[in-house]
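Engineer: For reference, this is coords.csv, and it has CSV, C-alpha atoms.
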```
chain,number,residue,atom,x,y,z
A,264,LYS,CA,17.5,0.1,-1.3
A,265,GLN,CA,14.9,-1.5,0.9
A,266,GLU,CA,13.6,-4.9,-0.2
A,267,VAL,CA,10.7,-6.7,1.5
A,268,THR,CA,9.8,-10.3,1.1
A,269,GLN,CA,6.9,-12.4,2.5
A,270,ILE,CA,6.7,-16.1,3.1
A,271,PRO,CA,4.7,-18.1,2.3
A,272,ALA,CA,3.3,-16.7,-1.0
A,273,ALA,CA,0.1,-18.6,-0.4
A,274,LEU,CA,-1.4,-20.5,2.5
A,275,SER,CA,-4.5,-22.7,2.9
A,276,VAL,CA,-5.7,-23.8,6.3
A,277,PRO,CA,-8.8,-25.2,7.9
A,278,GLU,CA,-11.0,-23.0,10.0
A,279,GLY,CA,-9.9,-22.6,13.6
A,280,GLU,CA,-6.1,-22.9,13.1
A,281,ASN,CA,-3.7,-20.4,14.5
A,282,LEU,CA,-1.3,-19.2,11.8
A,283,VAL,CA,1.8,-17.1,11.3
A,284,LEU,CA,2.7,-14.9,8.3
A,285,ASN,CA,6.2,-13.8,7.8
A,286,CYS,CA,7.7,-10.5,6.5
A,287,SER,CA,11.4,-9.8,6.1
A,288,PHE,CA,13.2,-6.6,5.1
A,289,THR,CA,16.8,-5.9,4.2
A,290,ASP,CA,17.4,-2.5,5.8
A,291,SER,CA,16.8,-2.3,9.5
A,292,ALA,CA,16.7,1.5,9.6
A,293,ILE,CA,12.9,1.6,9.6
A,294,TYR,CA,10.6,4.2,11.1
A,295,ASN,CA,7.6,1.9,11.2
A,296,LEU,CA,6.0,-1.3,9.7
A,297,GLN,CA,2.4,-1.7,8.8
A,298,TRP,CA,0.3,-4.8,8.0
A,299,PHE,CA,-2.5,-4.5,5.6
A,300,ARG,CA,-5.3,-6.8,4.3
A,301,GLN,CA,-6.5,-6.7,0.7
A,302,ASP,CA,-9.7,-8.4,-0.4
A,303,PRO,CA,-10.0,-9.2,-4.1
A,304,GLY,CA,-10.7,-6.2,-6.2
A,305,LYS,CA,-10.5,-3.9,-3.2
A,306,GLY,CA,-8.1,-1.4,-1.7
A,307,LEU,CA,-5.9,-2.0,1.3
A,308,THR,CA,-7.2,-2.0,4.9
A,309,SER,CA,-4.8,-1.2,7.6
A,310,LEU,CA,-4.5,-3.9,10.3
A,311,LEU,CA,-1.7,-2.9,12.6
A,312,LEU,CA,1.1,-0.3,12.7
A,313,ILE,CA,4.3,-1.0,14.7
A,314,GLN,CA,6.6,1.9,15.4
A,315,SER,CA,10.4,1.0,15.3
A,316,SER,CA,10.6,1.4,19.1
A,317,GLN,CA,7.9,-1.2,19.7
A,318,ARG,CA,8.1,-5.0,19.8
A,319,GLU,CA,4.5,-5.9,19.1
A,320,GLN,CA,1.0,-4.7,18.6
A,321,THR,CA,-2.3,-6.5,19.1
A,322,SER,CA,-5.8,-6.0,17.7
A,323,GLY,CA,-8.4,-8.6,18.5
A,324,ARG,CA,-7.2,-12.0,17.1
A,325,LEU,CA,-4.2,-10.3,15.4
A,326,ASN,CA,-0.8,-9.9,16.9
A,327,ALA,CA,2.2,-8.4,15.0
A,328,SER,CA,5.7,-8.6,16.3
A,329,LEU,CA,8.8,-6.7,15.1
A,330,ASP,CA,12.5,-7.6,15.4
A,331,LYS,CA,14.3,-4.8,13.8
A,332,SER,CA,17.8,-6.2,14.3
A,333,SER,CA,17.0,-9.3,12.3
A,334,GLY,CA,14.8,-7.5,9.8
A,335,ARG,CA,11.7,-9.5,10.6
A,336,SER,CA,8.0,-9.1,11.4
A,337,THR,CA,5.4,-11.7,12.0
A,338,LEU,CA,1.6,-11.5,11.9
A,339,TYR,CA,-0.1,-14.0,14.1
A,340,ILE,CA,-3.8,-14.8,13.5
A,341,ALA,CA,-5.5,-16.7,16.2
A,342,ALA,CA,-8.5,-19.1,15.6
A,343,SER,CA,-8.7,-18.3,11.9
A,344,GLN,CA,-12.1,-17.9,10.2
A,345,PRO,CA,-13.2,-18.1,6.6
A,346,GLY,CA,-13.7,-14.3,6.7
A,347,ASP,CA,-10.0,-13.9,7.2
A,348,SER,CA,-9.4,-15.1,3.6
A,349,ALA,CA,-7.6,-12.3,1.8
A,350,THR,CA,-4.1,-11.2,0.8
A,351,TYR,CA,-1.9,-9.9,3.6
A,352,LEU,CA,0.7,-7.3,2.8
A,353,CYS,CA,3.4,-5.8,5.0
A,354,ALA,CA,5.0,-2.5,4.3
A,355,VAL,CA,8.0,-0.7,5.9
A,356,ARG,CA,8.8,3.0,6.0
A,357,GLY,CA,12.3,4.3,6.3
A,358,ASN,CA,13.7,6.8,8.8
A,359,TYR,CA,13.7,9.9,6.6
A,360,GLY,CA,10.1,10.4,5.5
A,361,GLN,CA,10.4,7.8,2.9
A,362,ASN,CA,7.5,6.1,1.3
A,363,PHE,CA,6.2,2.6,2.3
A,364,VAL,CA,8.0,-0.3,0.5
A,365,PHE,CA,5.6,-3.3,0.2
A,366,GLY,CA,6.2,-7.0,0.1
A,367,PRO,CA,4.5,-9.1,-2.5
A,368,GLY,CA,1.9,-10.4,0.0
A,369,THR,CA,0.7,-13.7,1.3
A,370,ARG,CA,-2.6,-15.1,-0.1
A,371,LEU,CA,-4.5,-16.7,2.7
A,372,SER,CA,-7.5,-19.1,2.3
A,373,VAL,CA,-9.3,-20.3,5.4
A,374,LEU,CA,-11.5,-23.3,4.6
A,375,PRO,CA,-14.8,-23.9,6.4
B,150,GLU,CA,-14.1,10.2,9.6
B,151,ALA,CA,-14.3,9.9,5.8
B,152,GLY,CA,-11.7,7.7,4.1
B,153,VAL,CA,-9.6,8.3,1.0
B,154,ALA,CA,-11.8,8.7,-2.0
B,155,GLN,CA,-10.8,7.7,-5.5
B,156,SER,CA,-12.6,7.9,-8.8
B,157,PRO,CA,-13.3,6.3,-11.2
B,158,ARG,CA,-13.4,2.7,-9.8
B,159,TYR,CA,-12.9,1.2,-13.2
B,160,LYS,CA,-11.6,2.4,-16.5
B,161,ILE,CA,-11.1,0.6,-19.9
B,162,ILE,CA,-9.1,2.5,-22.6
B,163,GLU,CA,-7.3,1.7,-25.8
B,164,LYS,CA,-3.6,1.9,-25.9
B,165,ARG,CA,-2.2,5.4,-26.8
B,166,GLN,CA,-5.3,7.0,-25.2
B,167,SER,CA,-5.0,9.2,-22.2
B,168,VAL,CA,-6.6,8.7,-18.7
B,169,ALA,CA,-6.8,10.6,-15.4
B,170,PHE,CA,-7.5,9.4,-11.9
B,171,TRP,CA,-8.6,11.6,-9.0
B,172,CYS,CA,-7.9,11.2,-5.3
B,173,ASN,CA,-9.3,13.1,-2.3
B,174,PRO,CA,-7.2,12.3,0.9
B,175,ILE,CA,-8.4,12.2,4.5
B,176,SER,CA,-8.9,15.7,5.8
B,177,GLY,CA,-5.7,17.0,7.5
B,178,HIS,CA,-3.4,14.5,5.9
B,179,ALA,CA,-0.4,16.3,4.5
B,180,THR,CA,1.2,13.3,2.8
B,181,LEU,CA,-0.4,11.7,-0.3
B,182,TYR,CA,0.9,8.7,-2.2
B,183,TRP,CA,0.1,7.2,-5.6
B,184,TYR,CA,0.9,3.5,-5.9
B,185,GLN,CA,0.6,1.1,-8.9
B,186,GLN,CA,-0.3,-2.5,-8.2
B,187,ILE,CA,0.1,-5.0,-10.9
B,188,LEU,CA,-1.9,-8.2,-10.5
B,189,GLY,CA,-0.2,-10.6,-8.1
B,190,GLN,CA,2.3,-8.1,-6.9
B,191,GLY,CA,2.6,-5.6,-4.0
B,192,PRO,CA,2.0,-2.0,-4.6
B,193,LYS,CA,4.9,0.1,-6.0
B,194,LEU,CA,5.2,3.8,-5.3
B,195,LEU,CA,4.8,6.2,-8.2
B,196,ILE,CA,4.9,9.5,-6.4
B,197,GLN,CA,4.7,10.9,-2.9
B,198,PHE,CA,3.6,14.5,-2.1
B,199,GLN,CA,4.0,16.4,1.1
B,200,ASN,CA,1.4,19.1,1.0
B,201,ASN,CA,1.7,20.3,-2.6
B,202,GLY,CA,5.4,19.5,-3.0
B,203,VAL,CA,6.9,16.3,-4.5
B,204,VAL,CA,8.9,14.3,-2.1
B,205,ASP,CA,9.7,11.3,-4.3
B,206,ASP,CA,8.9,10.6,-7.9
B,207,SER,CA,11.9,8.5,-8.7
B,208,GLN,CA,9.8,5.6,-10.0
B,209,LEU,CA,7.3,7.6,-12.0
B,210,PRO,CA,7.7,7.1,-15.8
B,211,LYS,CA,7.8,10.8,-16.5
B,212,ASP,CA,7.6,10.4,-20.3
B,213,ARG,CA,4.0,9.3,-19.9
B,214,PHE,CA,2.9,9.8,-16.3
B,215,SER,CA,2.2,13.0,-14.5
B,216,ALA,CA,0.7,14.0,-11.2
B,217,GLU,CA,-0.2,17.1,-9.4
B,218,ARG,CA,-1.6,18.1,-6.1
B,219,LEU,CA,-3.0,21.6,-6.3
B,220,LYS,CA,-3.6,23.5,-3.0
B,221,GLY,CA,-2.2,20.5,-1.1
B,222,VAL,CA,-5.5,18.6,-1.0
B,223,ASP,CA,-6.9,16.7,-4.0
B,224,SER,CA,-4.5,15.0,-6.5
B,225,THR,CA,-4.8,13.9,-10.1
B,226,LEU,CA,-2.6,11.2,-11.8
B,227,LYS,CA,-2.6,11.2,-15.6
B,228,ILE,CA,-1.3,8.7,-18.1
B,229,GLN,CA,-0.7,9.9,-21.7
B,230,PRO,CA,-0.3,7.9,-23.9
B,231,ALA,CA,-1.2,4.6,-22.2
B,232,LYS,CA,0.5,1.3,-22.9
B,233,LEU,CA,-0.7,-2.2,-22.4
B,234,GLU,CA,1.7,-2.7,-19.5
B,235,ASP,CA,-0.1,0.2,-17.6
B,236,SER,CA,-3.0,-2.2,-16.9
B,237,ALA,CA,-3.0,-2.3,-13.1
B,238,VAL,CA,-4.8,-1.0,-10.0
B,239,TYR,CA,-3.8,2.6,-9.1
B,240,LEU,CA,-4.0,3.2,-5.3
B,241,CYS,CA,-4.0,6.5,-3.5
B,242,ALA,CA,-3.1,6.7,0.1
B,243,SER,CA,-2.7,9.5,2.7
B,244,SER,CA,-1.1,9.9,6.1
B,245,LEU,CA,-0.3,12.7,8.6
B,246,GLU,CA,2.8,14.8,7.9
B,247,TRP,CA,6.2,13.3,8.4
B,248,GLY,CA,7.3,13.8,12.0
B,249,GLN,CA,3.9,13.2,13.5
B,250,THR,CA,3.6,10.5,16.1
B,251,ASN,CA,1.3,8.4,14.1
B,252,THR,CA,1.9,8.2,10.4
B,253,GLU,CA,-0.4,5.3,9.7
B,254,ALA,CA,-1.3,5.2,6.0
B,255,PHE,CA,-4.9,4.8,4.8
B,256,PHE,CA,-5.7,3.6,1.3
B,257,GLY,CA,-8.6,4.3,-1.1
B,258,GLN,CA,-10.4,1.6,-3.0
B,259,GLY,CA,-8.3,2.0,-6.0
B,260,THR,CA,-8.9,2.5,-9.8
B,261,ARG,CA,-8.6,-0.6,-11.9
B,262,LEU,CA,-7.3,0.4,-15.3
B,263,THR,CA,-7.4,-2.0,-18.3
B,264,VAL,CA,-5.6,-1.0,-21.4
B,265,VAL,CA,-6.6,-2.9,-24.5
```
Would it be possible to restate this file's structure as structure tokens?
Structural biologist:
Amino acid sequence: KQEVTQIPAALSVPEGENLVLNCSFTDSAIYNLQWFRQDPGKGLTSLLLIQSSQREQTSGRLNASLDKSSGRSTLYIAASQPGDSATYLCAVRGNYGQNFVFGPGTRLSVLP
Amino acid sequence: EAGVAQSPRYKIIEKRQSVAFWCNPISGHATLYWYQQILGQGPKLLIQFQNNGVVDDSQLPKDRFSAERLKGVDSTLKIQPAKLEDSAVYLCASSLEWGQTNTEAFFGQGTRLTVV
């Protein structure tokens, strides 16, 4: 059974810092991995999708990497802004049409 | 492109009452998911549909929860009777059919259920 963990559970940084959020999964037989952002009281917004054959994906100030063999993904946020404050969730999908298994999320606060 | 639509946004009911949530996925998305998100936790799958067939409902409490996806488009999730521990946000998501190149999942805004 796939299990996903995220470290740290919460993070508070001053504006302008570069930061890294970590996601670990127990079963490396994944089809893809997706990073989401969730603002309080809102649904999930897709940030980046990495297929199992890819090593990384970039979108603006965000860069996500994937190391399937070690069961890890990282989300790098460059030059953080107060508007980046939210909960960041990673989710992995298995190789056989399985659903997305989510981690518990990292709650990020970027202080002005 | 319209996103995933859910209604209602909020619902407050008393325990033992029934409630229903509605989801309209992105047009052309064959796969539809219902997730339950308890405060402070990541979403947990309740049920996954491929068109109008159930792919995975192993974590759906079938004694009180039911879901259907008639005609392979809209879906309804029902709880009857509700318990206090059902208080959560219910999220609907959709993606292209399994096997497509891009199966990125898109989520609706969710329905926040409070059972009192």
Engineer: State, in Å with one decimal place, the distance from CA of Lys232 in chain B to CA of Cys353 in chain A.
Structural biologist: 28.9 Å
Engineer: Find the residues around Lys331 in chain A up to 12 Å (all atoms listed in the file counted), leave out those fewer than 2 positions away in its own chain, and share them as a list in words.
Structural biologist: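 Within the cut-off, the hits are Cys286, Ser287, Phe288, Thr289, Asp290, Ser291, Ala292, Ile293, Tyr294, Asn295, Leu296, Ile313, Gln314, Ser315, Ser316, Gln317, Arg318, Glu319, Ser328, Leu329, Ser333, Gly334, Arg335, Ser336, Thr337, Val355 and Gly357 of chain A.
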Engineer: Could the residues in this selection be saved with C-alpha atoms as a PDB file, in the frame of the given file?
Structural biologist:
```pdb
ATOM      1  CA  CYS A 286       7.700 -10.500   6.500  1.00  0.00           C
ATOM      2  CA  SER A 287      11.400  -9.800   6.100  1.00  0.00           C
ATOM      3  CA  PHE A 288      13.200  -6.600   5.100  1.00  0.00           C
ATOM      4  CA  THR A 289      16.800  -5.900   4.200  1.00  0.00           C
ATOM      5  CA  ASP A 290      17.400  -2.500   5.800  1.00  0.00           C
ATOM      6  CA  SER A 291      16.800  -2.300   9.500  1.00  0.00           C
ATOM      7  CA  ALA A 292      16.700   1.500   9.600  1.00  0.00           C
ATOM      8  CA  ILE A 293      12.900   1.600   9.600  1.00  0.00           C
ATOM      9  CA  TYR A 294      10.600   4.200  11.100  1.00  0.00           C
ATOM     10  CA  ASN A 295       7.600   1.900  11.200  1.00  0.00           C
ATOM     11  CA  LEU A 296       6.000  -1.300   9.700  1.00  0.00           C
ATOM     12  CA  ILE A 313       4.300  -1.000  14.700  1.00  0.00           C
ATOM     13  CA  GLN A 314       6.600   1.900  15.400  1.00  0.00           C
ATOM     14  CA  SER A 315      10.400   1.000  15.300  1.00  0.00           C
ATOM     15  CA  SER A 316      10.600   1.400  19.100  1.00  0.00           C
ATOM     16  CA  GLN A 317       7.900  -1.200  19.700  1.00  0.00           C
ATOM     17  CA  ARG A 318       8.100  -5.000  19.800  1.00  0.00           C
ATOM     18  CA  GLU A 319       4.500  -5.900  19.100  1.00  0.00           C
ATOM     19  CA  SER A 328       5.700  -8.600  16.300  1.00  0.00           C
ATOM     20  CA  LEU A 329       8.800  -6.700  15.100  1.00  0.00           C
ATOM     21  CA  SER A 333      17.000  -9.300  12.300  1.00  0.00           C
ATOM     22  CA  GLY A 334      14.800  -7.500   9.800  1.00  0.00           C
ATOM     23  CA  ARG A 335      11.700  -9.500  10.600  1.00  0.00           C
ATOM     24  CA  SER A 336       8.000  -9.100  11.400  1.00  0.00           C
ATOM     25  CA  THR A 337       5.400 -11.700  12.000  1.00  0.00           C
ATOM     26  CA  VAL A 355       8.000  -0.700   5.900  1.00  0.00           C
ATOM     27  CA  GLY A 357      12.300   4.300   6.300  1.00  0.00           C
TER      28      GLY A 357
END
```
Engineer: For chain A versus chain B, which residues have an atom no more than 7 Å away, and what is each residue's nearest atom pair and distance in Å rounded to one decimal, using all atoms listed in the file, chain-then-number order, as a Markdown table?
Structural biologist:
```
| residue | atom | partner | partner_atom | distance |
| --- | --- | --- | --- | --- |
| A:Lys305 | CA | B:Gln258 | CA | 5.5 |
| A:Gly306 | CA | B:Gln258 | CA | 4.0 |
| A:Leu307 | CA | B:Phe256 | CA | 5.6 |
| A:Thr308 | CA | B:Phe256 | CA | 6.8 |
| A:Ser309 | CA | B:Phe255 | CA | 6.6 |
| A:Leu312 | CA | B:Glu253 | CA | 6.5 |
| A:Gly360 | CA | B:Trp247 | CA | 5.7 |
| A:Asn362 | CA | B:Gln197 | CA | 7.0 |
| A:Phe365 | CA | B:Gly191 | CA | 5.7 |
| A:Gly366 | CA | B:Gly191 | CA | 5.6 |
| A:Pro367 | CA | B:Gly191 | CA | 4.3 |
| A:Gly368 | CA | B:Gly191 | CA | 6.3 |
```
Engineer: If I take CA of Gly323 in chain A and CA of Leu310 in chain A, how far is one from the other in Å, to one decimal?
Structural biologist: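 Between these atoms lies a distance of 10.2 Å.
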Engineer: Could you work out how far CA of Ser275 in chain A lies from CA of Asp302 in chain A, giving the answer in Å with one decimal?
Structural biologist: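 Computing it gives 15.6 Å between the two atoms.
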Engineer: Identify which of the residues B:Arg218, B:Thr225, B:Arg213, B:Ala237 lies closest to Ser156 in chain B, counting all atoms listed in the file when measuring atom-to-atom distances.
Structural biologist: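 Looking at the shortest contact to Ser156 in chain B, the residue is B:Thr225.
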Engineer: Using only C-alpha atoms, collect all residues at a distance of at most 7 Å from (-13.8, 0.4, -17.6) as written in the file, then present them as a PyMOL selection string.
Structural biologist: chain B and resi 159-161+262-263
Engineer: So which one's closest to Lys220 in chain B, B:Ser176, B:Asn200, B:Gln155, B:Gln185? Using all atoms listed in the file, please.
Structural biologist: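 For Lys220 in chain B, the nearest of the given residues is B:Asn200.
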Engineer: So which one's closest to Gln229 in chain B, B:Ala154, B:Val264, B:Val203, B:Ile187? Using all atoms listed in the file, please.
Structural biologist: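 Of B:Ala154, B:Val264, B:Val203, B:Ile187, the one nearest Gln229 in chain B is B:Val264, counting all atoms listed in the file.
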Engineer: Which residues, protein or nucleic acid, reach to within 7 Å of (-6.0, -14.8, 0.3) in the file's coordinates when using only C-alpha atoms, and can you give that as an mmCIF file with C-alpha atoms, keeping the file's coordinate frame?
Structural biologist:
```cif
data_model
loop_
_atom_site.group_PDB
_atom_site.id
_atom_site.type_symbol
_atom_site.label_atom_id
_atom_site.label_comp_id
_atom_site.auth_asym_id
_atom_site.auth_seq_id
_atom_site.Cartn_x
_atom_site.Cartn_y
_atom_site.Cartn_z
ATOM 1 C CA SER A 348 -9.400 -15.100 3.600
ATOM 2 C CA ALA A 349 -7.600 -12.300 1.800
ATOM 3 C CA THR A 350 -4.100 -11.200 0.800
ATOM 4 C CA THR A 369 0.700 -13.700 1.300
ATOM 5 C CA ARG A 370 -2.600 -15.100 -0.100
ATOM 6 C CA LEU A 371 -4.500 -16.700 2.700
ATOM 7 C CA SER A 372 -7.500 -19.100 2.300
#
```
Engineer: What would range 207-225 of chain B look like with N, CA, C and O atoms restored, written as a PDB file, in the coordinates of the input?
Structural biologist:
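Resulting contents of selection.pdb:
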```
ATOM      1  N   SER B 207      10.835   9.196  -8.051  1.00  0.00           N
ATOM      2  CA  SER B 207      11.900   8.500  -8.700  1.00  0.00           C
ATOM      3  C   SER B 207      11.455   7.314  -9.575  1.00  0.00           C
ATOM      4  O   SER B 207      12.135   6.908 -10.516  1.00  0.00           O
ATOM      5  N   GLN B 208      10.290   6.746  -9.250  1.00  0.00           N
ATOM      6  CA  GLN B 208       9.800   5.600 -10.000  1.00  0.00           C
ATOM      7  C   GLN B 208       8.630   5.948 -10.905  1.00  0.00           C
ATOM      8  O   GLN B 208       7.983   5.042 -11.435  1.00  0.00           O
ATOM      9  N   LEU B 209       8.392   7.204 -11.082  1.00  0.00           N
ATOM     10  CA  LEU B 209       7.300   7.600 -12.000  1.00  0.00           C
ATOM     11  C   LEU B 209       7.840   7.721 -13.412  1.00  0.00           C
ATOM     12  O   LEU B 209       8.821   8.443 -13.674  1.00  0.00           O
ATOM     13  N   PRO B 210       7.228   6.987 -14.348  1.00  0.00           N
ATOM     14  CA  PRO B 210       7.700   7.100 -15.800  1.00  0.00           C
ATOM     15  C   PRO B 210       7.260   8.422 -16.344  1.00  0.00           C
ATOM     16  O   PRO B 210       6.184   8.596 -16.899  1.00  0.00           O
ATOM     17  N   LYS B 211       8.146   9.374 -16.226  1.00  0.00           N
ATOM     18  CA  LYS B 211       7.800  10.800 -16.500  1.00  0.00           C
ATOM     19  C   LYS B 211       7.508  11.073 -17.949  1.00  0.00           C
ATOM     20  O   LYS B 211       6.953  12.140 -18.264  1.00  0.00           O
ATOM     21  N   ASP B 212       7.886  10.147 -18.844  1.00  0.00           N
ATOM     22  CA  ASP B 212       7.600  10.400 -20.300  1.00  0.00           C
ATOM     23  C   ASP B 212       6.103  10.216 -20.544  1.00  0.00           C
ATOM     24  O   ASP B 212       5.594  10.732 -21.549  1.00  0.00           O
ATOM     25  N   ARG B 213       5.387   9.519 -19.633  1.00  0.00           N
ATOM     26  CA  ARG B 213       4.000   9.300 -19.900  1.00  0.00           C
ATOM     27  C   ARG B 213       3.063   9.554 -18.701  1.00  0.00           C
ATOM     28  O   ARG B 213       1.861   9.734 -18.850  1.00  0.00           O
ATOM     29  N   PHE B 214       3.631   9.552 -17.514  1.00  0.00           N
ATOM     30  CA  PHE B 214       2.900   9.800 -16.300  1.00  0.00           C
ATOM     31  C   PHE B 214       3.117  11.156 -15.739  1.00  0.00           C
ATOM     32  O   PHE B 214       4.254  11.635 -15.749  1.00  0.00           O
ATOM     33  N   SER B 215       2.064  11.772 -15.229  1.00  0.00           N
ATOM     34  CA  SER B 215       2.200  13.000 -14.500  1.00  0.00           C
ATOM     35  C   SER B 215       1.227  13.083 -13.376  1.00  0.00           C
ATOM     36  O   SER B 215       0.194  12.406 -13.403  1.00  0.00           O
ATOM     37  N   ALA B 216       1.568  13.846 -12.351  1.00  0.00           N
ATOM     38  CA  ALA B 216       0.700  14.000 -11.200  1.00  0.00           C
ATOM     39  C   ALA B 216       0.803  15.366 -10.622  1.00  0.00           C
ATOM     40  O   ALA B 216       1.865  15.988 -10.708  1.00  0.00           O
ATOM     41  N   GLU B 217      -0.283  15.835 -10.076  1.00  0.00           N
ATOM     42  CA  GLU B 217      -0.200  17.100  -9.400  1.00  0.00           C
ATOM     43  C   GLU B 217      -1.140  17.107  -8.191  1.00  0.00           C
ATOM     44  O   GLU B 217      -2.062  16.302  -8.091  1.00  0.00           O
ATOM     45  N   ARG B 218      -0.832  17.995  -7.271  1.00  0.00           N
ATOM     46  CA  ARG B 218      -1.600  18.100  -6.100  1.00  0.00           C
ATOM     47  C   ARG B 218      -1.769  19.611  -5.772  1.00  0.00           C
ATOM     48  O   ARG B 218      -1.024  20.185  -4.987  1.00  0.00           O
ATOM     49  N   LEU B 219      -2.722  20.199  -6.432  1.00  0.00           N
ATOM     50  CA  LEU B 219      -3.000  21.600  -6.300  1.00  0.00           C
ATOM     51  C   LEU B 219      -3.539  21.926  -4.916  1.00  0.00           C
ATOM     52  O   LEU B 219      -4.378  21.178  -4.411  1.00  0.00           O
ATOM     53  N   LYS B 220      -3.074  22.984  -4.297  1.00  0.00           N
ATOM     54  CA  LYS B 220      -3.600  23.500  -3.000  1.00  0.00           C
ATOM     55  C   LYS B 220      -3.347  22.436  -1.890  1.00  0.00           C
ATOM     56  O   LYS B 220      -3.949  22.538  -0.818  1.00  0.00           O
ATOM     57  N   GLY B 221      -2.532  21.432  -2.141  1.00  0.00           N
ATOM     58  CA  GLY B 221      -2.200  20.500  -1.100  1.00  0.00           C
ATOM     59  C   GLY B 221      -3.296  19.600  -0.601  1.00  0.00           C
ATOM     60  O   GLY B 221      -3.201  19.053   0.506  1.00  0.00           O
ATOM     61  N   VAL B 222      -4.340  19.423  -1.428  1.00  0.00           N
ATOM     62  CA  VAL B 222      -5.500  18.600  -1.000  1.00  0.00           C
ATOM     63  C   VAL B 222      -5.653  17.463  -2.020  1.00  0.00           C
ATOM     64  O   VAL B 222      -4.950  16.460  -1.994  1.00  0.00           O
ATOM     65  N   ASP B 223      -6.587  17.667  -2.967  1.00  0.00           N
ATOM     66  CA  ASP B 223      -6.900  16.700  -4.000  1.00  0.00           C
ATOM     67  C   ASP B 223      -5.659  16.472  -4.909  1.00  0.00           C
ATOM     68  O   ASP B 223      -4.826  17.378  -5.067  1.00  0.00           O
ATOM     69  N   SER B 224      -5.626  15.286  -5.527  1.00  0.00           N
ATOM     70  CA  SER B 224      -4.500  15.000  -6.500  1.00  0.00           C
ATOM     71  C   SER B 224      -5.094  14.315  -7.709  1.00  0.00           C
ATOM     72  O   SER B 224      -6.109  13.614  -7.641  1.00  0.00           O
ATOM     73  N   THR B 225      -4.408  14.531  -8.828  1.00  0.00           N
ATOM     74  CA  THR B 225      -4.800  13.900 -10.100  1.00  0.00           C
ATOM     75  C   THR B 225      -3.526  13.207 -10.648  1.00  0.00           C
ATOM     76  O   THR B 225      -2.433  13.784 -10.657  1.00  0.00           O
TER      77      THR B 225
END
```
